[in-house]
Amino acid sequence: MKPLEFRTGVWPALMADLCGRGRAFRESGAFLLGKTNLTGKVVHEWLPYDELDPASLNFEYVRLGTNAFSKLWTECDVRGLQVVADVHTHPRGPRQSRSDRANPMISLAGHVALIVPNFAQGVVQPSDLSVNVYLGGGAWQSYFERDAAALIKLSE
């Protein structure tokens with residue numbers, strides 16, 4: 001997998017937004033929008049799940065209705081960007097839940113899903129996350145700690 005690079009200021013603002021939307025007691029998430037180049041995927045901005053589907057955070061876990069995806073593709077067209085990954089928070093560690101593994105947000109091989117522990121509270125470093133790459137057919141490759149950090153680049 002090529003690295004996922006966050007443009008300057010995107011990472012801390014994203015983590016603060018996820019934390020605020022989850023209010024330290026529920027999961028929150030977003031699609032990461034950007035562009036793919038020869039060296040990897042560059043994250044320019046994000047589109048929170050609850051802006052696509054206001055009811056998405058009303059459950060114990062994030063759940064998007066099908067209309068949210070129509071809105072997502074429209075927003076990508078309007079912004080001239082593509083979905084380069086998705087991200088969501090968990091209450092404790094960054095491991096995928098059974099539901100995460102069974103229901104990728106985008107079920108295309110190569111799609112990247114990040115999981116942020118502790119509802120994104122405090123200072124979150126790339127090594128705190130898991131980077132999960134969908135391989136297709138229900139299979140995933142997951143990276144943790146140093147391996148996850150090696151796949152996430154923060155622009156200065």
# chains A, B, ... in the order shown; residues from 1 in each chain; ligands from 1
>>> select_by_dssp(residues="region 22-114 of chain A", states="alpha helix (DSSP H)", output="PyMOL selection string")
chain A and resi 22+49-52+66-79+98-102
>>> write_last_selection(atoms="N, CA and C atoms", output="CSV table (one decimal), in the first residue's frame")
chain,number,residue,atom,x,y,z
A,22,GLY,N,-18.4,12.9,18.2
A,22,GLY,CA,-18.7,11.7,19.0
A,22,GLY,C,-18.9,12.1,20.5
A,49,TYR,N,-19.7,11.6,8.3
A,49,TYR,CA,-20.9,10.8,8.0
A,49,TYR,C,-22.2,11.4,8.4
A,50,ASP,N,-22.2,12.2,9.5
A,50,ASP,CA,-23.5,12.8,9.9
A,50,ASP,C,-23.9,14.0,9.0
A,51,GLU,N,-23.0,14.5,8.2
A,51,GLU,CA,-23.4,15.5,7.2
A,51,GLU,C,-24.0,14.8,6.0
A,52,LEU,N,-23.7,13.6,5.7
A,52,LEU,CA,-24.3,12.8,4.6
A,52,LEU,C,-25.6,12.2,5.1
A,66,THR,N,-28.4,4.4,2.4
A,66,THR,CA,-28.0,4.3,1.0
A,66,THR,C,-28.0,5.7,0.4
A,67,ASN,N,-28.9,6.6,0.8
A,67,ASN,CA,-28.9,8.0,0.2
A,67,ASN,C,-27.6,8.7,0.5
A,68,ALA,N,-26.9,8.4,1.6
A,68,ALA,CA,-25.7,9.0,1.9
A,68,ALA,C,-24.6,8.9,0.8
A,69,PHE,N,-24.6,7.7,0.2
A,69,PHE,CA,-23.6,7.5,-0.9
A,69,PHE,C,-23.9,8.3,-2.1
A,70,SER,N,-25.1,8.5,-2.4
A,70,SER,CA,-25.5,9.4,-3.6
A,70,SER,C,-25.0,10.8,-3.3
A,71,LYS,N,-25.2,11.2,-2.1
A,71,LYS,CA,-24.7,12.6,-1.7
A,71,LYS,C,-23.2,12.6,-1.7
A,72,LEU,N,-22.5,11.5,-1.3
A,72,LEU,CA,-21.0,11.5,-1.3
A,72,LEU,C,-20.5,11.6,-2.7
A,73,TRP,N,-21.0,10.9,-3.6
A,73,TRP,CA,-20.5,10.9,-5.0
A,73,TRP,C,-20.8,12.3,-5.6
A,74,THR,N,-21.9,12.9,-5.3
A,74,THR,CA,-22.2,14.3,-5.8
A,74,THR,C,-21.2,15.2,-5.2
A,75,GLU,N,-20.9,15.2,-3.9
A,75,GLU,CA,-19.9,16.1,-3.3
A,75,GLU,C,-18.5,15.9,-3.9
A,76,CYS,N,-18.2,14.6,-4.2
A,76,CYS,CA,-16.9,14.4,-4.8
A,76,CYS,C,-16.8,15.1,-6.2
A,77,ASP,N,-17.9,15.0,-7.0
A,77,ASP,CA,-17.9,15.6,-8.3
A,77,ASP,C,-17.8,17.1,-8.1
A,78,VAL,N,-18.6,17.7,-7.2
A,78,VAL,CA,-18.6,19.2,-7.0
A,78,VAL,C,-17.2,19.7,-6.6
A,79,ARG,N,-16.5,18.9,-5.7
A,79,ARG,CA,-15.2,19.3,-5.2
A,79,ARG,C,-14.1,18.9,-6.0
A,98,ARG,N,-16.3,-6.9,14.4
A,98,ARG,CA,-16.8,-7.9,13.5
A,98,ARG,C,-17.7,-7.2,12.4
A,99,SER,N,-18.4,-6.2,12.8
A,99,SER,CA,-19.2,-5.4,11.9
A,99,SER,C,-18.4,-4.7,10.9
A,100,ASP,N,-17.3,-4.1,11.3
A,100,ASP,CA,-16.4,-3.4,10.4
A,100,ASP,C,-15.8,-4.3,9.3
A,101,ARG,N,-15.5,-5.5,9.8
A,101,ARG,CA,-14.9,-6.5,8.8
A,101,ARG,C,-15.9,-6.9,7.8
A,102,ALA,N,-17.2,-7.1,8.3
A,102,ALA,CA,-18.2,-7.6,7.4
A,102,ALA,C,-18.8,-6.5,6.5
>>> residues_around(residues="region 145-153 of chain A", least_positions_apart="6", cutoff="10 Å", atoms="only C-alpha atoms", output="ChimeraX atom specification")
/A:1-7,11,40-43,94,114,125-132
>>> write_last_selection(atoms="C-alpha atoms", output="PDB file, in the first residue's frame")
ATOM      1  CA  MET A   1       0.000   0.000   0.000  1.00  0.00           C
ATOM      2  CA  LYS A   2       1.207   3.504  -0.810  1.00  0.00           C
ATOM      3  CA  PRO A   3       1.087   6.071   2.031  1.00  0.00           C
ATOM      4  CA  LEU A   4      -1.925   8.167   2.898  1.00  0.00           C
ATOM      5  CA  GLU A   5      -0.640  11.746   3.156  1.00  0.00           C
ATOM      6  CA  PHE A   6      -2.533  14.420   5.069  1.00  0.00           C
ATOM      7  CA  ARG A   7      -2.070  17.985   3.870  1.00  0.00           C
ATOM      8  CA  TRP A  11      -4.862  15.743  10.623  1.00  0.00           C
ATOM      9  CA  GLY A  40       0.191   7.736  -2.725  1.00  0.00           C
ATOM     10  CA  LYS A  41      -3.148   9.220  -1.751  1.00  0.00           C
ATOM     11  CA  VAL A  42      -3.284  12.824  -0.542  1.00  0.00           C
ATOM     12  CA  VAL A  43      -6.075  13.821   1.867  1.00  0.00           C
ATOM     13  CA  PRO A  94      -8.147   0.487  17.009  1.00  0.00           C
ATOM     14  CA  LEU A 114      -8.688   3.962   9.449  1.00  0.00           C
ATOM     15  CA  GLN A 125      -0.695  10.056  16.546  1.00  0.00           C
ATOM     16  CA  PRO A 126      -0.659   7.886  13.394  1.00  0.00           C
ATOM     17  CA  SER A 127       0.819   5.031  15.464  1.00  0.00           C
ATOM     18  CA  ASP A 128      -2.356   5.019  17.609  1.00  0.00           C
ATOM     19  CA  LEU A 129      -4.580   4.025  14.659  1.00  0.00           C
ATOM     20  CA  SER A 130      -5.097   0.929  12.620  1.00  0.00           C
ATOM     21  CA  VAL A 131      -4.819   1.123   8.856  1.00  0.00           C
ATOM     22  CA  ASN A 132      -7.052  -1.513   7.289  1.00  0.00           C
TER      23      ASN A 132
END
>>> residues_around(residues="Asn103 (chain A)", least_positions_apart="3", cutoff="12 Å", atoms="only C-alpha atoms", output="list in words")
Tyr61, Val62, Arg63, Leu64, Gln96, Ser97, Arg98, Ser99, Asp100, Ile106, Ser107, Leu108, Ala113, Tyr134, Gly136, Gly137, Gly138, Ala139 and Trp140 of chain A
>>> write_last_selection(atoms="N, CA, C and O atoms", output="JSON list (two decimals), in the first residue's frame")
[["chain", "number", "residue", "atom", "x", "y", "z"],
["A", 61, "TYR", "N", -23.12, 2.05, 16.79],
["A", 61, "TYR", "CA", -22.05, 2.07, 15.80],
["A", 61, "TYR", "C", -22.51, 2.95, 14.64],
["A", 61, "TYR", "O", -23.69, 3.27, 14.50],
["A", 62, "VAL", "N", -21.58, 3.36, 13.80],
["A", 62, "VAL", "CA", -21.89, 4.21, 12.66],
["A", 62, "VAL", "C", -22.67, 3.40, 11.63],
["A", 62, "VAL", "O", -22.29, 2.27, 11.30],
["A", 63, "ARG", "N", -23.75, 3.99, 11.14],
["A", 63, "ARG", "CA", -24.57, 3.31, 10.13],
["A", 63, "ARG", "C", -25.04, 4.36, 9.12],
["A", 63, "ARG", "O", -25.71, 5.32, 9.49],
["A", 64, "LEU", "N", -24.69, 4.16, 7.86],
["A", 64, "LEU", "CA", -25.08, 5.09, 6.80],
["A", 64, "LEU", "C", -26.20, 4.50, 5.95],
["A", 64, "LEU", "O", -26.12, 3.34, 5.54],
["A", 96, "GLN", "N", -10.50, -3.63, 14.25],
["A", 96, "GLN", "CA", -11.79, -3.69, 13.58],
["A", 96, "GLN", "C", -12.77, -4.56, 14.37],
["A", 96, "GLN", "O", -12.39, -5.61, 14.89],
["A", 97, "SER", "N", -14.01, -4.13, 14.40],
["A", 97, "SER", "CA", -15.06, -4.95, 15.00],
["A", 97, "SER", "C", -15.51, -5.98, 13.95],
["A", 97, "SER", "O", -15.17, -5.88, 12.77],
["A", 98, "ARG", "N", -16.29, -6.93, 14.38],
["A", 98, "ARG", "CA", -16.85, -7.91, 13.46],
["A", 98, "ARG", "C", -17.68, -7.20, 12.39],
["A", 98, "ARG", "O", -17.64, -7.54, 11.21],
["A", 99, "SER", "N", -18.43, -6.18, 12.82],
["A", 99, "SER", "CA", -19.25, -5.40, 11.89],
["A", 99, "SER", "C", -18.38, -4.65, 10.88],
["A", 99, "SER", "O", -18.71, -4.59, 9.68],
["A", 100, "ASP", "N", -17.27, -4.06, 11.33],
["A", 100, "ASP", "CA", -16.36, -3.36, 10.42],
["A", 100, "ASP", "C", -15.85, -4.30, 9.34],
["A", 100, "ASP", "O", -15.79, -3.95, 8.16],
["A", 106, "ILE", "N", -16.69, 1.13, 1.66],
["A", 106, "ILE", "CA", -16.61, 0.99, 0.20],
["A", 106, "ILE", "C", -15.98, -0.37, -0.06],
["A", 106, "ILE", "O", -14.83, -0.60, 0.31],
["A", 107, "SER", "N", -16.73, -1.24, -0.67],
["A", 107, "SER", "CA", -16.28, -2.63, -0.79],
["A", 107, "SER", "C", -15.53, -2.90, -2.09],
["A", 107, "SER", "O", -15.82, -3.84, -2.81],
["A", 108, "LEU", "N", -14.55, -2.06, -2.36],
["A", 108, "LEU", "CA", -13.66, -2.25, -3.50],
["A", 108, "LEU", "C", -12.28, -2.60, -2.97],
["A", 108, "LEU", "O", -11.79, -1.97, -2.02],
["A", 113, "ALA", "N", -9.46, 1.85, 5.33],
["A", 113, "ALA", "CA", -10.31, 2.26, 6.45],
["A", 113, "ALA", "C", -9.42, 2.45, 7.68],
["A", 113, "ALA", "O", -8.72, 1.53, 8.09],
["A", 134, "TYR", "N", -8.91, -3.11, 2.49],
["A", 134, "TYR", "CA", -9.84, -4.13, 2.05],
["A", 134, "TYR", "C", -9.25, -4.85, 0.84],
["A", 134, "TYR", "O", -8.85, -4.22, -0.14],
["A", 136, "GLY", "N", -10.90, -7.43, -0.70],
["A", 136, "GLY", "CA", -11.99, -8.02, -1.47],
["A", 136, "GLY", "C", -12.40, -9.35, -0.86],
["A", 136, "GLY", "O", -11.66, -9.97, -0.09],
["A", 137, "GLY", "N", -13.61, -9.79, -1.18],
["A", 137, "GLY", "CA", -14.09, -11.08, -0.71],
["A", 137, "GLY", "C", -14.15, -11.22, 0.80],
["A", 137, "GLY", "O", -14.03, -12.32, 1.33],
["A", 138, "GLY", "N", -14.31, -10.10, 1.51],
["A", 138, "GLY", "CA", -14.38, -10.12, 2.96],
["A", 138, "GLY", "C", -13.04, -10.15, 3.67],
["A", 138, "GLY", "O", -12.98, -10.19, 4.90],
["A", 139, "ALA", "N", -11.94, -10.11, 2.94],
["A", 139, "ALA", "CA", -10.60, -10.18, 3.54],
["A", 139, "ALA", "C", -10.00, -8.78, 3.71],
["A", 139, "ALA", "O", -10.24, -7.88, 2.89],
["A", 140, "TRP", "N", -9.23, -8.63, 4.77],
["A", 140, "TRP", "CA", -8.57, -7.36, 5.09],
["A", 140, "TRP", "C", -7.10, -7.61, 5.43],
["A", 140, "TRP", "O", -6.75, -8.67, 5.93]]
>>> residues_around(residues="Leu18 (chain A)", least_positions_apart="5", cutoff="8 Å", atoms="only C-alpha atoms", output="list in words")
Ser28, Gly29, Ala30, His88, Thr89, Phe119 and Ala120 of chain A
>>> write_last_selection(atoms="N, CA, C and O atoms", output="tab-separated table (two decimals), in the first residue's frame")
chain	number	residue	atom	x	y	z
A	28	SER	N	-17.90	8.18	15.67
A	28	SER	CA	-18.13	9.16	14.61
A	28	SER	C	-17.19	8.79	13.47
A	28	SER	O	-16.27	7.99	13.65
A	29	GLY	N	-17.41	9.38	12.32
A	29	GLY	CA	-16.55	9.03	11.20
A	29	GLY	C	-16.71	9.97	10.03
A	29	GLY	O	-17.55	10.88	10.04
A	30	ALA	N	-15.90	9.72	9.00
A	30	ALA	CA	-15.90	10.58	7.82
A	30	ALA	C	-15.26	9.85	6.65
A	30	ALA	O	-14.46	8.91	6.83
A	88	HIS	N	-13.12	6.12	11.16
A	88	HIS	CA	-14.11	6.22	12.23
A	88	HIS	C	-13.46	5.90	13.56
A	88	HIS	O	-12.36	5.35	13.62
A	89	THR	N	-14.14	6.29	14.62
A	89	THR	CA	-13.60	6.13	15.97
A	89	THR	C	-14.19	4.88	16.63
A	89	THR	O	-15.26	4.41	16.27
A	119	PHE	N	-12.33	7.30	20.92
A	119	PHE	CA	-13.19	8.34	20.35
A	119	PHE	C	-12.40	9.59	19.93
A	119	PHE	O	-12.91	10.70	19.98
A	120	ALA	N	-11.13	9.40	19.56
A	120	ALA	CA	-10.24	10.48	19.09
A	120	ALA	C	-9.96	11.53	20.16
A	120	ALA	O	-9.64	12.68	19.83
>>> closest_residue(among="A:Asn37, A:Val133, A:Glu45, A:Pro54", to="Pro12 (chain A)", atoms="only C-alpha atoms")
A:Glu45
>>> atom_distance(atom1="CA of Val124 (chain A)", atom2="CA of Leu33 (chain A)")
19.8 Å
>>> closest_residue(among="A:Val116, A:Ser142, A:Ala55, A:Gln121", to="Gly20 (chain A)", atoms="only C-alpha atoms")
A:Gln121
>>> atom_distance(atom1="CA of His90 (chain A)", atom2="CA of Pro117 (chain A)")
5.0 Å
>>> atom_distance(atom1="CA of Pro48 (chain A)", atom2="CA of Leu135 (chain A)")
24.2 Å
>>> residues_around(residues="Glu60 (chain A)", least_positions_apart="4", cutoff="10 Å", atoms="only C-alpha atoms", output="ChimeraX atom specification")
/A:25-27,56
>>> select_by_dssp(residues="region 17-131 of chain A", states="strand (DSSP E)", output="PyMOL selection string")
chain A and resi 29-36+41-48+82-89+112-116+130-131
>>> closest_residue(among="A:Val123, A:His111, A:Pro91, A:Ser155", to="Ala24 (chain A)", atoms="only C-alpha atoms")
A:Pro91
